[in-house]
There are 2 protein chains.
Amino acid sequence: MENYDIVIIGAGPVGLTLSTSLARWGYKIKHIDNRPEPTATGRADGIQPRSLDLLRNMGLKRQIMAHDPAKVYEVAFWDPAAKGIHRTGTWASCPKFIDARYPFTTLLHQGLIERVFIEDIEKHGGQIQRPWTITGFKNDGKDPVYPVEVNIAHVDGTLKETVRAKYLFSGEGARSFVRDQLGVQIHHKDPIAHVWGVMDGVVRTDFPDIKMKCTIHSDAGSIMVIPRENNMVRLYIQLASSTDKDWNPRKTATQEEVQSHAKKILKPYSIEWDRVEWYSAYPIGQGIAERYTLDERVFMGGDACHTHSPKAGQGMNTAFLDAVNLAWKIHHVESGFASRSILNTYESERKLIAENLLNFDARYAKLFSARIPSAGEVGSANTQAAAQAASQHEPEENEFIKTFKASCEFTSGYGVAYDANIYNWSPAHPAQSPLFLSYQKGTHLRTGRILTPATVTRVVDANVVHLEQEIPYNGSFRLYIFAGTPAVSSGALKDFATYMTAPRSFFSTYLHEDEEADRYHERHNPHTPFLTLATVVALPRDEIEIDELLPPVLSRYRDHVYADDVWDARVPEAKAAAHAKIGLDEEKGGVVVVRPDGYVGCVVKLEQGTGTVDALNAFFGSFTGKSMGGADAKL
Amino acid sequence: MENYDIVIIGAGPVGLTLSTSLARWGYKIKHIDNRPEPTATGRADGIQPRSLDLLRNMGLKRQIMAHDPAKVYEVAFWDPAAKGIHRTGTWASCPKFIDARYPFTTLLHQGLIERVFIEDIEKHGGQIQRPWTITGFKNDGKDPVYPVEVNIAHVDGTLKETVRAKYLFSGEGARSFVRDQLGVQIHHKDPIAHVWGVMDGVVRTDFPDIKMKCTIHSDAGSIMVIPRENNMVRLYIQLASSTDKDWNPRKTATQEEVQSHAKKILKPYSIEWDRVEWYSAYPIGQGIAERYTLDERVFMGGDACHTHSPKAGQGMNTAFLDAVNLAWKIHHVESGFASRSILNTYESERKLIAENLLNFDARYAKLFSARIPSAGEVGSANTQAAAQAASQHEPEENEFIKTFKASCEFTSGYGVAYDANIYNWSPAHPAQSPLFLSYQKGTHLRTGRILTPATVTRVVDANVVHLEQEIPYNGSFRLYIFAGTPAVSSGALKDFATYMTAPRSFFSTYLHEDEEADRYHERHNPHTPFLTLATVVALPRDEIEIDELLPPVLSRYRDHVYADDVWDARVPEAKAAAHAKIGLDEEKGGVVVVRPDGYVGCVVKLEQGTGTVDALNAFFGSFTGKSMGGADAKL
């Protein structure tokens, strides 16, 4: 019987993201899918701005963009008018008040996205075993290292395998064998279910917004228009609702019926199909699994845990982030960087996001079905939101602006905010120090949210780069040392380096074991696989001599030393825009800890003495399960 | 005997660029190369900012960038110091006064670049026949359509072919059989020749600028450092010069000698090689062919026509532009869009560029060998150049600033400026009208230079796009109608559409012959292969209803209608930044004609009446060889 680190069931977005993550970090994976090949047409297709950040960080964005996906920058709203329909306004998918690198949704069919992941998995020596399915599993603990037994079989029943694994993951989709076996219930936030018809194809039309995302309400019904790659357009039509008198969840409609329905809705405009690539009609309700794991050995994610209407385009994006959240936590437990207990943060973090998503989905639907906001209202909400973002204060908001902002944050993916916990510092965190900064005090960053993007100049080669993308998706915590102005901060920097390299510090605890290995060309993890360090200096590039300004432990990461000297329109008066956007003093700087998935863990003042490292020792000590720092760590 | 449109000899950058261009436009090509396979290592590697624009326009940039090339933003200068060498300053490759999308040089070895082209050629049904060589040719005119006979053979002599062609092109490199056979002489601008040693490899060093482009002068000699893809670095070392007392053009040096030499030059820094991928030593002199063609049937380009030192990194870039210049001219002659006589503009345009390049090469060398400018001098030259660029006036310049600007323009590729001729309007052009605008009067564009980049919003899908890239490299002239504000310009727009669609206009003369063909999905050439139209309206996107604002002939190009509503830091006060950068009135607009290779042909006022179209009829009439417009064209 063969042993694996993990058995992954299902090669949709969640399973593939988990697989590619763990394959890169050296884990032994058995990955099966019950389909003979990847998705050929249709299914999910919307990649949010935040997900594109993630795909870029994983080194997969270029392959996605090579397919020339459609990009949605705005959503248009159409309503009944005297003669058919008229446009009542448009709404940016990701308005300017959100500081996004890619302020658009990327539309590409799921099969092409799956193939990008599969190629990456194969590049790292993995593969998907198809068409195989799971037939049974138990966490019987017979082997303490590989406690889970998993039975799999070829879908035709001719072949069977039994393997043992440290973990089992179900990315099976809404109909999950694993979830059923575990007896995990699905809760329905909104009891209303719908039958949707979806059609991808190439059309001829005089409807002027056919290349925009549109929500169209007409007296003949409603439709959603989404542009696609390859000159295609997707139409979503709601065919039935559980609020209908004659509700039948098995209601369906032929392709021709849906086309004829679409023609009526779009009047006075005409529409004809050159070809239909994919058509499907399916019932869907809002649902959320009550648990994502029972034993922290058998996990579930993606559609197995949450389903909702396709309108907000969230499914695949939530799946990506489920997988990433779990991947680095398993990696840290298995590498000894974290106590096993932290695995409970997978469910607590990701289930909250799914709940927020379902709540949002309902609110979003209500907002638009109740009353379409006018272009003027949207414009003014946008302006106010931007003004509030610029003022960097907790705003007072009316309900409409709140919903508007939340909608934009959700549809862009930047609405994902994890609550305070062991990884996301708050005043209630076990790590206590007056040096911790918070959104209320000392920084514009919020823990549990992603690092604000910032453009800086890499010192070694003068390349203008995106700071938030510079450290790749390598499973390490990211320590950004905003070094301020060395004339002011050099003492603090020196002390930081001294105490960070002292015995039993968060840094020294996880040094590479094979000290003699040749790491000359290692740019990201020269000292420890647990951390990658980056230093941002508030000086023009040509005034930065790395070896003179930085202590050796920081200058060792010379490919990660940046000049904060690029002007930014969002902080036009700032001399050091990255410091300013993050809300750190341009002279004194500060230290930002970012989790391997890009979310901010904590922000600490950079001060002379032991305080900065003490605070970080306490923070890291809280989840590594090891006491860090202490008297003997002070040299 | 088989007939071809063209026989291309050599599959280096110039031959491949010509081949991919003509393959896309449907020509039948015989393309041979005497090497058994593409360049494996070494050779040219620098892609200038301007060339990257071109590669993007050809749809090849993404494939190039997929190889993760090094990017050079700055050049560092190192000089002798008390203990070895010290940095005296840095200089941007493409400073801010140049309005470039990609202000960096892209470094990637020639073989990877060649493969990108070869894949594209194969996608369009072409292939390279290897290893085959040319053994003879004559323009005997025996077949008036295919006047050139070409003899080719397998390099081992076992196989031979004789074919006939409309054109023969030599992209054979510095040692050109075709050039020799034609008896075309090489002139040497600068009689000094050099022997260069070049080495690509992975190094270990404490030299801080190893990831920058560096020019290093030390008491032990000189070296040039160029970073590469794959963590490699290229070193150029001048091994001998014809000014040496013991000059020997066959002088060479072993790899070890060059490494030992480099170690001495770099002191006090150390350098060691992990591996050497490529090493070569070769003599090179500045030379230029006195003719690029004798009969406008047999053409040459690339290194067959011009050689120079590798220091300025111009070789491959000049080759790209040679090929592009020739490609669309052959295409236009063969499609009946131009008289055969325009083929003489290939030599007149491209030879001038080569001469300028060689002059620059000498000046550039002198500038730095005579005296290294201080960082302060460079900084102040940069500031003054930027101020002059902003003021948009012909500047008064001192010698140093002139050379500085010319250097930057040359190294970035934006120094390519074609003189006035039949394609580049000037007051001396046969087309005469008071409506023509010039850099001195009415526009900031200069004919013979590329279109200024501008960011705009595409109306149909609200995508923020790069206007200068929107029309692909399709062999068509590009007509940019800057429509100003329709409240002011609607009459002029209407007249423009009316007279443009009148019989015998530049537009109507080349309408598709098969009028009945289904062109619903044709975005770029719905009316004629000769022209692609784009309209830029000085209004916010959401105020533009394409079908209401534009005459039908312009709204037909709905994928090429843009809102000039994106703020630009270079014209911060402008309401319509693209109009402002191009120097056209934000209310009245104007029409810009851009050649298929991206260079500006002419700029015309947009006025009510027949004047605008009259001017364009005269302009296009001058090289199409057809009388355009006239009394019967006025409806």
# chains A, B, ... in the order shown; residues from 1 in each chain; ligands from 1
call {"tool": "closest_atom_pairs", "arguments": {"of": "chain B", "to": "chain A", "cutoff": "9 Å", "atoms": "only C-alpha atoms", "output": "CSV"}}
result
residue,atom,partner,partner_atom,distance
B:Arg62,CA,A:Ala66,CA,7.2
B:Gln63,CA,A:Ala66,CA,8.4
B:Met65,CA,A:Arg62,CA,8.9
B:Ala66,CA,A:Arg62,CA,7.2
B:Lys71,CA,A:Asn463,CA,6.9
B:Val72,CA,A:Asp461,CA,7.0
B:Tyr73,CA,A:Ala462,CA,5.7
B:Glu74,CA,A:Ala462,CA,6.3
B:Gly89,CA,A:Asp542,CA,8.4
B:Thr90,CA,A:Asp542,CA,7.7
B:Phe104,CA,A:Asn463,CA,8.3
B:Arg204,CA,A:Tyr520,CA,7.6
B:Pro208,CA,A:Val460,CA,7.2
B:Asp209,CA,A:Val460,CA,6.3
B:Ile210,CA,A:Val460,CA,7.8
B:Lys211,CA,A:Asp461,CA,5.0
B:Met212,CA,A:Asp461,CA,4.9
B:Lys213,CA,A:Asp461,CA,8.4
B:Pro227,CA,A:Asp461,CA,8.8
B:Asn231,CA,A:His521,CA,8.6
B:Val460,CA,A:Lys211,CA,6.0
B:Asp461,CA,A:Met212,CA,4.9
B:Ala462,CA,A:Tyr73,CA,5.8
B:Asn463,CA,A:Tyr73,CA,5.9
B:Val464,CA,A:Tyr73,CA,8.1
B:Tyr520,CA,A:Arg204,CA,7.6
B:His521,CA,A:Arg204,CA,8.5
B:Asp542,CA,A:Thr90,CA,7.7
B:Glu545,CA,A:Pro208,CA,8.4
B:Ile546,CA,A:Pro208,CA,8.3
B:Asp547,CA,A:Pro208,CA,8.5
B:Ala569,CA,A:Ala569,CA,8.7
call {"tool": "write_last_selection", "arguments": {"atoms": "C-alpha atoms", "output": "PDB file, in the first residue's frame"}}
result
ATOM      1  CA  ARG B  62       3.928  37.829 -24.826  1.00  0.00           C
ATOM      2  CA  GLN B  63       5.851  34.862 -26.217  1.00  0.00           C
ATOM      3  CA  MET B  65       8.328  37.804 -22.285  1.00  0.00           C
ATOM      4  CA  ALA B  66       7.384  34.204 -21.427  1.00  0.00           C
ATOM      5  CA  LYS B  71      15.242  44.107 -18.391  1.00  0.00           C
ATOM      6  CA  VAL B  72      17.770  46.927 -18.458  1.00  0.00           C
ATOM      7  CA  TYR B  73      16.457  50.247 -17.167  1.00  0.00           C
ATOM      8  CA  GLU B  74      19.779  51.916 -16.455  1.00  0.00           C
ATOM      9  CA  GLY B  89      27.127  57.553 -12.418  1.00  0.00           C
ATOM     10  CA  THR B  90      24.144  55.876 -13.988  1.00  0.00           C
ATOM     11  CA  PHE B 104      13.753  49.312 -20.808  1.00  0.00           C
ATOM     12  CA  ARG B 204      29.512  34.623  -8.587  1.00  0.00           C
ATOM     13  CA  PRO B 208      27.260  45.349  -7.017  1.00  0.00           C
ATOM     14  CA  ASP B 209      26.038  46.232 -10.520  1.00  0.00           C
ATOM     15  CA  ILE B 210      26.199  42.744 -12.034  1.00  0.00           C
ATOM     16  CA  LYS B 211      22.464  42.934 -12.833  1.00  0.00           C
ATOM     17  CA  MET B 212      22.819  46.318 -14.577  1.00  0.00           C
ATOM     18  CA  LYS B 213      24.232  47.157 -17.961  1.00  0.00           C
ATOM     19  CA  PRO B 227      22.496  40.969 -17.673  1.00  0.00           C
ATOM     20  CA  ASN B 231      20.547  34.461 -14.150  1.00  0.00           C
ATOM     21  CA  VAL B 460     -17.713  49.011 -26.671  1.00  0.00           C
ATOM     22  CA  ASP B 461     -16.241  47.211 -23.682  1.00  0.00           C
ATOM     23  CA  ALA B 462     -14.825  50.010 -21.474  1.00  0.00           C
ATOM     24  CA  ASN B 463     -11.370  48.450 -21.648  1.00  0.00           C
ATOM     25  CA  VAL B 464      -8.507  50.838 -20.944  1.00  0.00           C
ATOM     26  CA  TYR B 520     -19.909  40.808 -39.837  1.00  0.00           C
ATOM     27  CA  HIS B 521     -17.049  39.650 -37.603  1.00  0.00           C
ATOM     28  CA  ASP B 542     -20.395  56.929 -20.882  1.00  0.00           C
ATOM     29  CA  GLU B 545     -23.327  56.412 -28.040  1.00  0.00           C
ATOM     30  CA  ILE B 546     -21.449  55.209 -31.083  1.00  0.00           C
ATOM     31  CA  ASP B 547     -24.434  54.930 -33.395  1.00  0.00           C
ATOM     32  CA  ALA B 569       0.685  62.582 -16.112  1.00  0.00           C
TER      33      ALA B 569
END
call {"tool": "select_by_dssp", "arguments": {"residues": "region 180-318 of chain A", "states": "strand (DSSP E)", "output": "count of residues only"}}
result
60
call {"tool": "residues_around", "arguments": {"residues": "Gly448 (chain B)", "least_positions_apart": "2", "cutoff": "10 Å", "atoms": "only C-alpha atoms", "output": "PyMOL selection string"}}
result
chain B and resi 349+416-421+423-426+445-446+450-451+594-595+598-602
call {"tool": "write_last_selection", "arguments": {"atoms": "N, CA and C atoms", "output": "PDB file, in the first residue's frame"}}
result
ATOM      1  N   GLU B 349      14.994  55.087 -47.129  1.00  0.00           N
ATOM      2  CA  GLU B 349      14.654  55.213 -45.710  1.00  0.00           C
ATOM      3  C   GLU B 349      15.622  54.435 -44.821  1.00  0.00           C
ATOM      4  N   VAL B 416      14.792  56.504 -34.630  1.00  0.00           N
ATOM      5  CA  VAL B 416      14.530  56.229 -36.042  1.00  0.00           C
ATOM      6  C   VAL B 416      13.549  57.273 -36.560  1.00  0.00           C
ATOM      7  N   ALA B 417      14.031  58.115 -37.455  1.00  0.00           N
ATOM      8  CA  ALA B 417      13.189  59.169 -38.022  1.00  0.00           C
ATOM      9  C   ALA B 417      13.445  59.173 -39.518  1.00  0.00           C
ATOM     10  N   TYR B 418      12.401  58.937 -40.273  1.00  0.00           N
ATOM     11  CA  TYR B 418      12.549  58.925 -41.724  1.00  0.00           C
ATOM     12  C   TYR B 418      12.416  60.342 -42.257  1.00  0.00           C
ATOM     13  N   ASP B 419      13.217  60.640 -43.243  1.00  0.00           N
ATOM     14  CA  ASP B 419      13.144  61.954 -43.886  1.00  0.00           C
ATOM     15  C   ASP B 419      11.827  62.096 -44.653  1.00  0.00           C
ATOM     16  N   ALA B 420      11.518  63.334 -44.964  1.00  0.00           N
ATOM     17  CA  ALA B 420      10.338  63.596 -45.783  1.00  0.00           C
ATOM     18  C   ALA B 420      10.483  62.862 -47.114  1.00  0.00           C
ATOM     19  N   ASN B 421       9.399  62.228 -47.550  1.00  0.00           N
ATOM     20  CA  ASN B 421       9.343  61.625 -48.878  1.00  0.00           C
ATOM     21  C   ASN B 421       7.874  61.448 -49.245  1.00  0.00           C
ATOM     22  N   TYR B 423       5.897  59.183 -48.598  1.00  0.00           N
ATOM     23  CA  TYR B 423       5.093  58.621 -47.510  1.00  0.00           C
ATOM     24  C   TYR B 423       5.078  59.502 -46.251  1.00  0.00           C
ATOM     25  N   ASN B 424       6.046  60.396 -46.155  1.00  0.00           N
ATOM     26  CA  ASN B 424       6.181  61.227 -44.951  1.00  0.00           C
ATOM     27  C   ASN B 424       6.013  62.675 -45.375  1.00  0.00           C
ATOM     28  N   TRP B 425       4.842  63.221 -45.109  1.00  0.00           N
ATOM     29  CA  TRP B 425       4.491  64.522 -45.656  1.00  0.00           C
ATOM     30  C   TRP B 425       5.404  65.631 -45.137  1.00  0.00           C
ATOM     31  N   SER B 426       5.665  66.583 -46.023  1.00  0.00           N
ATOM     32  CA  SER B 426       6.365  67.827 -45.661  1.00  0.00           C
ATOM     33  C   SER B 426       5.831  68.881 -46.618  1.00  0.00           C
ATOM     34  N   LEU B 445       2.986  65.837 -33.505  1.00  0.00           N
ATOM     35  CA  LEU B 445       3.535  64.679 -34.220  1.00  0.00           C
ATOM     36  C   LEU B 445       4.518  65.151 -35.283  1.00  0.00           C
ATOM     37  N   ARG B 446       5.473  64.287 -35.587  1.00  0.00           N
ATOM     38  CA  ARG B 446       6.388  64.550 -36.700  1.00  0.00           C
ATOM     39  C   ARG B 446       6.223  63.414 -37.696  1.00  0.00           C
ATOM     40  N   ILE B 450       7.273  57.653 -35.038  1.00  0.00           N
ATOM     41  CA  ILE B 450       6.110  56.847 -34.635  1.00  0.00           C
ATOM     42  C   ILE B 450       5.043  57.700 -33.960  1.00  0.00           C
ATOM     43  N   LEU B 451       3.839  57.169 -33.981  1.00  0.00           N
ATOM     44  CA  LEU B 451       2.704  57.801 -33.313  1.00  0.00           C
ATOM     45  C   LEU B 451       2.973  57.859 -31.809  1.00  0.00           C
ATOM     46  N   VAL B 594      -1.289  56.981 -40.322  1.00  0.00           N
ATOM     47  CA  VAL B 594      -0.113  56.251 -39.851  1.00  0.00           C
ATOM     48  C   VAL B 594       0.162  55.106 -40.820  1.00  0.00           C
ATOM     49  N   ARG B 595       1.422  54.957 -41.182  1.00  0.00           N
ATOM     50  CA  ARG B 595       1.822  53.899 -42.106  1.00  0.00           C
ATOM     51  C   ARG B 595       1.661  52.521 -41.451  1.00  0.00           C
ATOM     52  N   GLY B 598       3.712  51.874 -38.398  1.00  0.00           N
ATOM     53  CA  GLY B 598       3.559  52.670 -37.181  1.00  0.00           C
ATOM     54  C   GLY B 598       4.089  54.092 -37.265  1.00  0.00           C
ATOM     55  N   TYR B 599       4.690  54.459 -38.388  1.00  0.00           N
ATOM     56  CA  TYR B 599       5.257  55.806 -38.524  1.00  0.00           C
ATOM     57  C   TYR B 599       4.207  56.755 -39.111  1.00  0.00           C
ATOM     58  N   VAL B 600       4.261  57.995 -38.653  1.00  0.00           N
ATOM     59  CA  VAL B 600       3.248  58.969 -39.068  1.00  0.00           C
ATOM     60  C   VAL B 600       3.499  59.412 -40.507  1.00  0.00           C
ATOM     61  N   GLY B 601       2.437  59.344 -41.330  1.00  0.00           N
ATOM     62  CA  GLY B 601       2.534  59.781 -42.721  1.00  0.00           C
ATOM     63  C   GLY B 601       2.156  61.249 -42.870  1.00  0.00           C
ATOM     64  N   CYS B 602       0.988  61.604 -42.371  1.00  0.00           N
ATOM     65  CA  CYS B 602       0.583  63.007 -42.425  1.00  0.00           C
ATOM     66  C   CYS B 602      -0.496  63.277 -41.388  1.00  0.00           C
TER      67      CYS B 602
END
call {"tool": "residues_around", "arguments": {"residues": "region 179-190 of chain A", "least_positions_apart": "2", "cutoff": "7 Å", "atoms": "only C-alpha atoms", "output": "number ranges by chain"}}
result
A: 176-177, 192, 286-291
call {"tool": "write_last_selection", "arguments": {"atoms": "C-alpha atoms", "output": "compact mmCIF listing (two decimals), in the first residue's frame"}}
result
# COMPACT_ATOMS: atom_id res chain seq x y z
CA SER A 176 -19.50 15.51 -2.75
CA PHE A 177 -19.16 11.86 -1.80
CA ILE A 192 -35.03 30.45 -2.74
CA GLN A 286 -27.48 29.03 -2.01
CA GLY A 287 -25.91 26.57 0.34
CA ILE A 288 -23.04 26.32 2.77
CA ALA A 289 -21.55 23.27 4.45
CA GLU A 290 -21.80 23.43 8.23
CA ARG A 291 -18.23 22.07 8.56
call {"tool": "residues_around", "arguments": {"residues": "Thr293 (chain A)", "least_positions_apart": "4", "cutoff": "9 Å", "atoms": "only C-alpha atoms", "output": "list in words"}}
result
Leu182, Val184, Arg297, Val298, Phe299, Met300, Asn344, Tyr346 and Glu347 of chain A
call {"tool": "write_last_selection", "arguments": {"atoms": "C-alpha atoms", "output": "CSV table (one decimal), in the first residue's frame"}}
result
chain,number,residue,atom,x,y,z
A,182,LEU,CA,-19.0,12.6,6.8
A,184,VAL,CA,-21.9,17.2,6.9
A,297,ARG,CA,-7.3,15.3,8.2
A,298,VAL,CA,-10.1,15.1,5.8
A,299,PHE,CA,-10.9,18.6,4.4
A,300,MET,CA,-13.3,19.9,1.8
A,344,ASN,CA,-8.6,24.9,12.5
A,346,TYR,CA,-8.9,26.9,7.6
A,347,GLU,CA,-12.5,26.4,8.4
call {"tool": "residues_around", "arguments": {"residues": "Trp247 (chain B)", "least_positions_apart": "5", "cutoff": "12 Å", "atoms": "only C-alpha atoms", "output": "mmCIF file with N, CA and C atoms, in the first residue's frame"}}
result
data_model
loop_
_atom_site.group_PDB
_atom_site.id
_atom_site.type_symbol
_atom_site.label_atom_id
_atom_site.label_comp_id
_atom_site.auth_asym_id
_atom_site.auth_seq_id
_atom_site.Cartn_x
_atom_site.Cartn_y
_atom_site.Cartn_z
ATOM 1 N N ILE B 192 38.367 52.186 -38.064
ATOM 2 C CA ILE B 192 38.894 51.395 -36.949
ATOM 3 C C ILE B 192 38.075 50.122 -36.761
ATOM 4 N N ALA B 193 38.728 49.020 -36.698
ATOM 5 C CA ALA B 193 38.065 47.744 -36.432
ATOM 6 C C ALA B 193 38.529 47.219 -35.076
ATOM 7 N N HIS B 194 37.762 46.319 -34.537
ATOM 8 C CA HIS B 194 38.074 45.784 -33.218
ATOM 9 C C HIS B 194 37.889 44.281 -33.216
ATOM 10 N N VAL B 195 38.584 43.616 -32.305
ATOM 11 C CA VAL B 195 38.265 42.221 -32.017
ATOM 12 C C VAL B 195 37.597 42.197 -30.646
ATOM 13 N N LEU B 239 39.331 42.933 -27.331
ATOM 14 C CA LEU B 239 40.604 42.206 -27.256
ATOM 15 C C LEU B 239 41.700 42.886 -28.052
ATOM 16 N N ALA B 240 41.314 43.578 -29.107
ATOM 17 C CA ALA B 240 42.323 44.250 -29.927
ATOM 18 C C ALA B 240 41.630 45.318 -30.749
ATOM 19 N N SER B 241 42.409 46.303 -31.175
ATOM 20 C CA SER B 241 41.860 47.389 -31.972
ATOM 21 C C SER B 241 42.831 47.682 -33.102
ATOM 22 N N SER B 242 42.303 48.097 -34.220
ATOM 23 C CA SER B 242 43.174 48.379 -35.356
ATOM 24 C C SER B 242 44.088 49.570 -35.070
ATOM 25 N N THR B 252 42.994 36.416 -31.220
ATOM 26 C CA THR B 252 41.934 35.791 -30.443
ATOM 27 C C THR B 252 42.436 35.593 -29.032
ATOM 28 N N PRO B 283 36.305 39.575 -34.996
ATOM 29 C CA PRO B 283 36.619 40.942 -35.400
ATOM 30 C C PRO B 283 35.360 41.603 -35.944
#
call {"tool": "atom_distance", "arguments": {"atom1": "CA of Trp278 (chain A)", "atom2": "CA of Ile9 (chain A)"}}
result
25.5 Å
call {"tool": "residues_around", "arguments": {"residues": "region 327-334 of chain A", "least_positions_apart": "6", "cutoff": "6 Å", "atoms": "only C-alpha atoms", "output": "list of chain:residue names"}}
result
A:Leu18, A:Arg340, A:Gly475
call {"tool": "atom_distance", "arguments": {"atom1": "CA of Val258 (chain A)", "atom2": "CA of Gly84 (chain A)"}}
result
18.0 Å
call {"tool": "select_by_dssp", "arguments": {"residues": "region 422-569 of chain A", "states": "helix (DSSP H, G or I)", "output": "PyMOL selection string"}}
result
chain A and resi 467-470+486-500+508-510+541-543+546-549+552-555+558-560
call {"tool": "write_last_selection", "arguments": {"atoms": "C-alpha atoms", "output": "PDB file, in the first residue's frame"}}
result
ATOM      1  CA  LEU A 467       6.361  45.280  -4.588  1.00  0.00           C
ATOM      2  CA  GLU A 468       3.427  43.064  -3.625  1.00  0.00           C
ATOM      3  CA  GLN A 469       4.390  40.611  -6.389  1.00  0.00           C
ATOM      4  CA  GLU A 470       8.110  40.479  -5.777  1.00  0.00           C
ATOM      5  CA  PRO A 486      18.688  55.214   6.932  1.00  0.00           C
ATOM      6  CA  ALA A 487      20.034  58.511   8.329  1.00  0.00           C
ATOM      7  CA  VAL A 488      17.229  58.241  10.879  1.00  0.00           C
ATOM      8  CA  SER A 489      16.620  54.494  11.024  1.00  0.00           C
ATOM      9  CA  SER A 490      20.092  52.966  10.797  1.00  0.00           C
ATOM     10  CA  GLY A 491      20.277  52.271  14.527  1.00  0.00           C
ATOM     11  CA  ALA A 492      16.900  50.582  14.517  1.00  0.00           C
ATOM     12  CA  LEU A 493      17.862  48.546  11.434  1.00  0.00           C
ATOM     13  CA  LYS A 494      21.077  47.426  13.051  1.00  0.00           C
ATOM     14  CA  ASP A 495      19.302  46.358  16.227  1.00  0.00           C
ATOM     15  CA  PHE A 496      16.631  44.622  14.186  1.00  0.00           C
ATOM     16  CA  ALA A 497      19.296  42.575  12.391  1.00  0.00           C
ATOM     17  CA  THR A 498      21.137  41.836  15.616  1.00  0.00           C
ATOM     18  CA  TYR A 499      18.159  40.578  17.589  1.00  0.00           C
ATOM     19  CA  MET A 500      16.596  38.832  14.617  1.00  0.00           C
ATOM     20  CA  SER A 508      17.011  31.682  13.882  1.00  0.00           C
ATOM     21  CA  THR A 509      14.622  28.936  14.933  1.00  0.00           C
ATOM     22  CA  TYR A 510      14.056  27.751  11.373  1.00  0.00           C
ATOM     23  CA  ARG A 541      17.717  54.234  -6.091  1.00  0.00           C
ATOM     24  CA  ASP A 542      21.015  55.830  -6.962  1.00  0.00           C
ATOM     25  CA  GLU A 543      21.580  56.795  -3.330  1.00  0.00           C
ATOM     26  CA  ILE A 546      23.069  47.980  -0.431  1.00  0.00           C
ATOM     27  CA  ASP A 547      26.205  46.769   1.312  1.00  0.00           C
ATOM     28  CA  GLU A 548      26.815  50.108   2.988  1.00  0.00           C
ATOM     29  CA  LEU A 549      23.274  50.864   4.116  1.00  0.00           C
ATOM     30  CA  PRO A 552      24.532  41.813   6.177  1.00  0.00           C
ATOM     31  CA  VAL A 553      21.506  39.657   7.004  1.00  0.00           C
ATOM     32  CA  LEU A 554      19.298  42.068   5.031  1.00  0.00           C
ATOM     33  CA  SER A 555      21.778  42.782   2.228  1.00  0.00           C
ATOM     34  CA  ARG A 558      19.891  41.860  -2.412  1.00  0.00           C
ATOM     35  CA  ASP A 559      17.333  40.944  -5.069  1.00  0.00           C
ATOM     36  CA  HIS A 560      14.690  42.063  -2.578  1.00  0.00           C
TER      37      HIS A 560
END
call {"tool": "decode", "arguments": {"residues": "region 434-449 of chain B", "atoms": "C-alpha atoms", "output": "PDB file, in the first residue's frame"}}
result
ATOM      1  CA  PRO B 434      -3.525  74.383 -46.251  1.00  0.00           C
ATOM      2  CA  LEU B 435      -5.094  71.686 -44.078  1.00  0.00           C
ATOM      3  CA  PHE B 436      -1.891  69.670 -43.661  1.00  0.00           C
ATOM      4  CA  LEU B 437      -0.445  70.155 -40.200  1.00  0.00           C
ATOM      5  CA  SER B 438       3.182  69.840 -39.207  1.00  0.00           C
ATOM      6  CA  TYR B 439       5.328  69.756 -36.088  1.00  0.00           C
ATOM      7  CA  GLN B 440       5.931  73.462 -36.650  1.00  0.00           C
ATOM      8  CA  LYS B 441       2.222  74.123 -37.021  1.00  0.00           C
ATOM      9  CA  GLY B 442      -0.793  72.431 -35.520  1.00  0.00           C
ATOM     10  CA  THR B 443       0.422  69.086 -34.167  1.00  0.00           C
ATOM     11  CA  HIS B 444       3.113  67.648 -31.925  1.00  0.00           C
ATOM     12  CA  LEU B 445       3.535  64.679 -34.220  1.00  0.00           C
ATOM     13  CA  ARG B 446       6.388  64.550 -36.700  1.00  0.00           C
ATOM     14  CA  THR B 447       5.989  62.687 -39.959  1.00  0.00           C
ATOM     15  CA  GLY B 448       8.457  59.810 -40.313  1.00  0.00           C
ATOM     16  CA  ARG B 449       8.338  59.190 -36.547  1.00  0.00           C
TER      17      ARG B 449
END
